>>> print(open('run-v8.cif').read())   # mmCIF, C-alpha atoms
data_target
#
loop_
_atom_site.label_atom_id
_atom_site.label_comp_id
_atom_site.auth_asym_id
_atom_site.auth_seq_id
_atom_site.Cartn_x
_atom_site.Cartn_y
_atom_site.Cartn_z
CA MET A 22 51.21 -70.11 291.28
CA THR A 23 52.08 -73.56 292.66
CA ILE A 24 51.13 -76.47 290.42
CA ASP A 25 49.14 -79.23 292.07
CA PRO A 26 51.66 -82.11 292.28
CA ASP A 27 48.76 -84.53 291.90
CA ASP A 28 48.00 -83.19 288.42
CA PRO A 29 51.40 -82.94 286.68
CA VAL A 30 50.18 -84.26 283.34
CA ARG A 31 47.83 -81.33 282.70
CA ALA A 32 50.54 -78.85 283.72
CA VAL A 33 53.14 -80.31 281.33
CA GLU A 34 50.53 -80.65 278.58
CA ALA A 35 49.60 -76.97 278.92
CA VAL A 36 53.24 -75.84 278.71
CA LEU A 37 53.89 -77.92 275.60
CA PHE A 38 50.69 -76.77 273.92
CA ALA A 39 51.54 -73.10 274.41
CA ALA A 40 55.22 -73.41 273.47
CA GLU A 41 56.42 -71.79 270.25
CA GLU A 42 59.27 -74.28 269.88
CA PRO A 43 60.15 -77.82 271.05
CA LEU A 44 61.12 -77.89 274.72
CA THR A 45 63.68 -79.82 276.75
CA ILE A 46 62.77 -81.39 280.08
CA ASP A 47 64.65 -78.64 281.91
CA MET A 48 62.74 -75.97 279.99
CA ILE A 49 59.43 -77.61 280.94
CA ARG A 50 60.55 -77.98 284.55
CA ALA A 51 61.28 -74.25 284.70
CA HIS A 52 57.54 -73.68 284.14
CA VAL A 53 55.97 -76.42 286.24
CA GLY A 54 58.43 -76.62 289.13
CA GLU A 55 61.09 -78.98 290.38
CA GLU A 56 58.58 -81.13 292.27
CA ILE A 57 56.98 -82.35 289.02
CA ASP A 58 58.25 -85.61 287.49
CA VAL A 59 58.37 -84.20 283.95
CA ARG A 60 59.66 -87.36 282.27
CA ARG A 61 56.85 -89.48 283.70
CA ALA A 62 54.30 -86.85 282.69
CA LEU A 63 55.70 -86.83 279.13
CA ASP A 64 55.38 -90.61 278.91
CA ARG A 65 51.78 -90.37 280.09
CA ILE A 66 50.93 -87.63 277.60
CA ALA A 67 52.54 -89.55 274.72
CA GLU A 68 50.45 -92.59 275.70
CA ASP A 69 47.25 -90.53 275.98
CA TYR A 70 47.73 -88.97 272.54
CA ALA A 71 48.78 -92.17 270.74
CA GLY A 72 46.49 -92.80 267.77
CA ARG A 73 44.87 -89.34 267.90
CA GLY A 74 45.02 -86.49 265.39
CA ILE A 75 48.03 -84.95 267.10
CA GLU A 76 50.86 -86.71 268.87
CA LEU A 77 53.64 -85.90 271.27
CA VAL A 78 57.04 -86.63 269.74
CA ARG A 79 60.64 -86.42 270.87
CA ARG A 80 63.27 -84.94 268.60
CA GLY A 81 66.73 -85.23 270.11
CA ASP A 82 66.29 -83.99 273.68
CA ARG A 83 63.24 -81.81 272.90
CA TRP A 84 59.50 -82.55 272.93
CA HIS A 85 56.62 -81.04 270.98
CA PHE A 86 53.14 -81.72 269.61
CA GLN A 87 52.72 -82.35 265.89
CA THR A 88 50.07 -83.55 263.47
CA ALA A 89 49.92 -87.34 263.29
CA GLY A 90 52.06 -88.51 260.40
CA ASP A 91 49.23 -90.31 258.60
CA LEU A 92 47.11 -87.12 258.60
CA ALA A 93 49.74 -84.65 257.37
CA HIS A 94 48.27 -84.73 253.85
CA LEU A 95 45.10 -83.06 255.13
CA LEU A 96 47.02 -79.91 256.02
CA ARG A 97 49.05 -79.55 252.85
CA ARG A 98 48.48 -76.47 250.73
CA ASP A 99 49.57 -75.71 247.19
CA ARG A 100 52.66 -73.61 247.47
CA GLU A 101 55.78 -72.72 245.57
CA GLU A 102 58.15 -75.64 245.34
CA PRO A 103 61.17 -74.93 247.53
CA ARG A 104 64.57 -74.86 245.88
CA LYS A 105 66.16 -78.29 245.88
CA LEU A 106 69.52 -78.80 247.53
CA SER A 107 72.50 -79.27 245.28
CA ARG A 108 74.34 -82.57 245.39
CA ALA A 109 77.19 -80.79 247.18
CA ALA A 110 74.78 -79.60 249.87
CA ILE A 111 73.20 -83.05 250.27
CA GLU A 112 76.61 -84.70 250.64
CA THR A 113 77.76 -82.01 253.08
CA LEU A 114 74.60 -82.45 255.16
CA ALA A 115 75.01 -86.24 255.22
CA ILE A 116 78.67 -86.04 256.24
CA THR A 117 77.82 -83.55 258.98
CA ALA A 118 75.02 -85.77 260.32
CA TYR A 119 77.14 -88.92 260.44
CA HIS A 120 80.38 -87.34 261.70
CA GLU A 121 79.41 -84.30 263.78
CA PRO A 122 81.02 -82.26 265.08
CA VAL A 123 83.02 -81.98 261.86
CA THR A 124 85.24 -79.28 260.39
CA ARG A 125 85.09 -77.90 256.86
CA ALA A 126 88.45 -79.54 256.08
CA GLU A 127 87.14 -82.92 257.26
CA ILE A 128 84.05 -82.56 255.06
CA GLU A 129 86.28 -81.78 252.08
CA ALA A 130 88.56 -84.73 252.86
CA ILE A 131 85.62 -87.15 252.87
CA ARG A 132 84.02 -85.68 249.72
CA GLY A 133 87.34 -85.48 247.90
CA VAL A 134 86.50 -82.00 246.61
CA GLN A 135 86.44 -78.51 248.07
CA ILE A 136 83.13 -77.00 249.13
CA SER A 137 82.19 -73.41 248.65
CA LYS A 138 81.32 -71.26 251.64
CA GLY A 139 77.85 -70.93 250.16
CA THR A 140 77.14 -74.65 250.60
CA LEU A 141 77.32 -74.45 254.39
CA ASP A 142 75.49 -71.12 254.32
CA VAL A 143 72.54 -72.75 252.53
CA LEU A 144 72.36 -75.51 255.14
CA MET A 145 72.57 -73.04 258.02
CA GLU A 146 69.94 -70.84 256.39
CA ALA A 147 67.65 -73.89 256.17
CA GLY A 148 68.17 -74.37 259.92
CA TRP A 149 69.67 -77.86 259.55
CA VAL A 150 73.32 -77.13 260.34
CA ARG A 151 74.84 -74.90 263.02
CA PRO A 152 78.32 -73.89 264.17
CA ALA A 153 79.33 -76.19 267.04
CA GLY A 154 82.38 -74.46 268.50
CA ARG A 155 86.05 -74.64 267.68
CA ARG A 156 88.28 -77.70 267.84
CA GLU A 157 91.25 -77.43 270.17
CA THR A 158 93.79 -78.13 267.43
CA PRO A 159 96.22 -75.81 265.61
CA GLY A 160 94.25 -73.04 263.95
CA ARG A 161 91.20 -73.88 266.11
CA PRO A 162 88.96 -74.69 263.12
CA LEU A 163 85.22 -74.15 263.42
CA THR A 164 83.13 -77.32 263.63
CA PHE A 165 79.60 -77.91 262.42
CA ALA A 166 76.72 -80.10 263.65
CA THR A 167 73.08 -80.73 262.82
CA THR A 168 70.20 -79.05 264.65
CA PRO A 169 66.94 -80.19 266.31
CA GLU A 170 65.19 -78.78 263.23
CA PHE A 171 67.13 -81.28 261.10
CA LEU A 172 65.79 -84.15 263.22
CA THR A 173 62.26 -82.75 263.05
CA HIS A 174 62.30 -82.25 259.27
CA PHE A 175 63.48 -85.80 258.59
CA GLY A 176 61.32 -87.39 261.30
CA LEU A 177 64.23 -88.65 263.42
CA ALA A 178 64.10 -89.04 267.19
CA SER A 179 67.90 -88.87 267.31
CA ARG A 180 70.93 -89.34 265.06
CA ARG A 181 70.90 -93.03 266.02
CA ASP A 182 67.92 -93.34 263.69
CA LEU A 183 69.97 -92.35 260.63
CA PRO A 184 70.00 -95.17 258.06
CA GLY A 185 73.12 -97.25 257.65
CA ILE A 186 74.82 -98.12 254.36
CA ASP A 187 72.98 -101.46 254.18
CA ASP A 188 69.64 -99.65 254.56
CA LEU A 189 70.50 -97.19 251.80
CA ARG A 190 71.74 -99.95 249.51
CA ALA A 191 68.58 -102.03 250.09
CA ALA A 192 66.43 -99.01 249.25
CA GLY A 193 68.33 -98.50 245.99
CA LEU A 194 69.48 -95.04 247.04
CA LEU A 195 73.18 -95.57 246.40
CA ASP A 196 74.75 -95.69 242.97
CA PRO A 197 78.30 -97.14 242.77
CA ILE A 198 79.97 -93.77 243.28
CA ASP A 199 77.68 -92.89 246.20
CA LEU A 200 78.29 -96.28 247.79
CA ALA A 201 82.05 -95.91 247.56
CA MET A 202 81.85 -92.45 249.10
CA ALA A 203 79.56 -93.67 251.90
CA GLU A 204 81.86 -96.56 252.76
CA LEU A 205 84.83 -94.21 252.74
CA SER A 206 82.89 -91.83 255.01
CA VAL A 207 82.00 -94.50 257.54
CA ALA A 208 85.56 -95.81 257.55
CA GLY A 209 86.77 -92.30 258.35
CA GLY A 210 88.91 -92.17 255.22
CA THR A 211 90.15 -89.03 253.53
CA ASP A 212 90.55 -88.35 249.86
CA GLU A 213 91.24 -91.71 248.25
CA GLY A 214 89.89 -91.52 244.75
CA GLY A 215 89.64 -87.77 245.18
CA GLU A 216 90.83 -87.00 241.67
CA GLU A 217 87.96 -88.99 240.20
CA GLN A 218 85.50 -87.14 242.43
CA VAL A 219 86.85 -83.79 241.34
CA GLU A 220 86.68 -84.78 237.69
CA ASN A 221 83.07 -85.97 237.96
CA ASP A 222 81.74 -83.32 240.35
CA GLY A 223 83.87 -80.29 239.63
CA ASP A 224 80.79 -78.12 239.22
CA ARG A 225 78.88 -79.25 242.27
CA ASP A 226 79.38 -76.01 244.17
#
>>> encode(input="run-v8.cif", output="structure tokens")
Amino acid sequence: MTIDPDDPVRAVEAVLFAAEEPLTIDMIRAHVGEEIDVRRALDRIAEDYAGRGIELVRRGDRWHFQTAGDLAHLLRRDREEPRKLSRAAIETLAITAYHEPVTRAEIEAIRGVQISKGTLDVLMEAGWVRPAGRRETPGRPLTFATTPEFLTHFGLASRRDLPGIDDLRAAGLLDPIDLAMAELSVAGGTDEGGEEQVENDGDRD
């Protein structure tokens, strides 16, 4: 059935409402047709829903409806507390987010300690990290990157919204060791001070 080009907003809204997962503009266009200006319709829908109980949000290059952030507490249910990530997993996730695509060896060089295979498995099982192809270097090592689900879980529109070192320091989220590691990570360093990291965190994995 041909969509009325004079009513693109309703068409795009219907596709998003029925979708089981966040959709890219191309995915929406496949439903509503090439003649629809999907980006303009998305802007209109986001404007129409601003301040309401649900909102249209962009995560990376995908769009979806979600409960307004200030009303999320109304939908919470008592449930079993999920298992917390280990420090090794948190550091691995952070390095992946800031440096993707990144290889296992590069993650280990930044952390200054080896990571177990299980650490990446936990992050992939959570849906936050994915294999991102192989690097065209000797041995063709596998690289890893974050997923749209990672952006959604942490409320980020894109990786550009990740906090910088100054933001983390101002929030009191970096102890001296964390700060040194973060600065080393941003500088693209390798394993300076690695022996101290191994001594302090030998049981992280």
>>> atom_distance(input="run-v8.cif", atom1="CA of Ala110 (chain A)", atom2="CA of Gly133 (chain A)")
14.0 Å
>>> closest_residue(input="run-v8.cif", among="A:Ser107, A:Thr45, A:Ser179, A:Thr173", to="Tyr119 (chain A)", atoms="all atoms listed in the file")
A:Ser179
>>> atom_distance(input="run-v8.cif", atom1="CA of Asp28 (chain A)", atom2="CA of Leu77 (chain A)")
18.3 Å
>>> atom_distance(input="run-v8.cif", atom1="CA of Thr168 (chain A)", atom2="CA of Ile131 (chain A)")
21.0 Å
>>> closest_residue(input="run-v8.cif", among="A:Glu34, A:Asp91, A:Asp182, A:Glu129", to="Tyr70 (chain A)", atoms="only C-alpha atoms")
A:Glu34
>>> resolve_selection(input="run-v8.cif", expression="the PyMOL selection byres ((chain A and resi 61-67) around 8)", output="list in words")
Pro29, Val30, Val33, Glu34, Asp58, Val59, Arg60, Glu68, Asp69, Tyr70, Ala71, Glu76, Leu77 and Val78 of chain A
>>> closest_residue(input="run-v8.cif", among="A:Arg125, A:Arg79, A:His120, A:Lys138", to="Thr167 (chain A)", atoms="all atoms listed in the file")
A:His120
>>> closest_residue(input="run-v8.cif", among="A:Glu41, A:Phe171, A:Thr140, A:Ala166", to="Ala153 (chain A)", atoms="all atoms listed in the file")
A:Ala166
>>> resolve_selection(input="run-v8.cif", expression="the PyMOL selection byres ((chain A and resi 52) around 12)", output="PDB file with C-alpha atoms, in the coordinates of the input")
ATOM      1  CA  MET A  22      51.210 -70.110 291.280  1.00  0.00           C
ATOM      2  CA  THR A  23      52.080 -73.560 292.660  1.00  0.00           C
ATOM      3  CA  ILE A  24      51.130 -76.470 290.420  1.00  0.00           C
ATOM      4  CA  PRO A  29      51.400 -82.940 286.680  1.00  0.00           C
ATOM      5  CA  ALA A  32      50.540 -78.850 283.720  1.00  0.00           C
ATOM      6  CA  VAL A  33      53.140 -80.310 281.330  1.00  0.00           C
ATOM      7  CA  GLU A  34      50.530 -80.650 278.580  1.00  0.00           C
ATOM      8  CA  ALA A  35      49.600 -76.970 278.920  1.00  0.00           C
ATOM      9  CA  VAL A  36      53.240 -75.840 278.710  1.00  0.00           C
ATOM     10  CA  LEU A  37      53.890 -77.920 275.600  1.00  0.00           C
ATOM     11  CA  ALA A  39      51.540 -73.100 274.410  1.00  0.00           C
ATOM     12  CA  ALA A  40      55.220 -73.410 273.470  1.00  0.00           C
ATOM     13  CA  LEU A  44      61.120 -77.890 274.720  1.00  0.00           C
ATOM     14  CA  THR A  45      63.680 -79.820 276.750  1.00  0.00           C
ATOM     15  CA  ILE A  46      62.770 -81.390 280.080  1.00  0.00           C
ATOM     16  CA  ASP A  47      64.650 -78.640 281.910  1.00  0.00           C
ATOM     17  CA  MET A  48      62.740 -75.970 279.990  1.00  0.00           C
ATOM     18  CA  ILE A  49      59.430 -77.610 280.940  1.00  0.00           C
ATOM     19  CA  ARG A  50      60.550 -77.980 284.550  1.00  0.00           C
ATOM     20  CA  ALA A  51      61.280 -74.250 284.700  1.00  0.00           C
ATOM     21  CA  VAL A  53      55.970 -76.420 286.240  1.00  0.00           C
ATOM     22  CA  GLY A  54      58.430 -76.620 289.130  1.00  0.00           C
ATOM     23  CA  GLU A  55      61.090 -78.980 290.380  1.00  0.00           C
ATOM     24  CA  GLU A  56      58.580 -81.130 292.270  1.00  0.00           C
ATOM     25  CA  ILE A  57      56.980 -82.350 289.020  1.00  0.00           C
ATOM     26  CA  VAL A  59      58.370 -84.200 283.950  1.00  0.00           C
TER      27      VAL A  59
END
>>> resolve_selection(input="run-v8.cif", expression="the PyMOL selection byres ((chain A and resi 170) around 10)", output="PyMOL selection string")
chain A and resi 42-43+80-81+147-150+167-169+171-177
>>> closest_residue(input="run-v8.cif", among="A:Ile116, A:Leu183, A:Leu92, A:Val143", to="Ala130 (chain A)", atoms="only C-alpha atoms")
A:Ile116
>>> closest_residue(input="run-v8.cif", among="A:Phe38, A:Pro162, A:Ala118, A:Thr124", to="Trp84 (chain A)", atoms="all atoms listed in the file")
A:Phe38
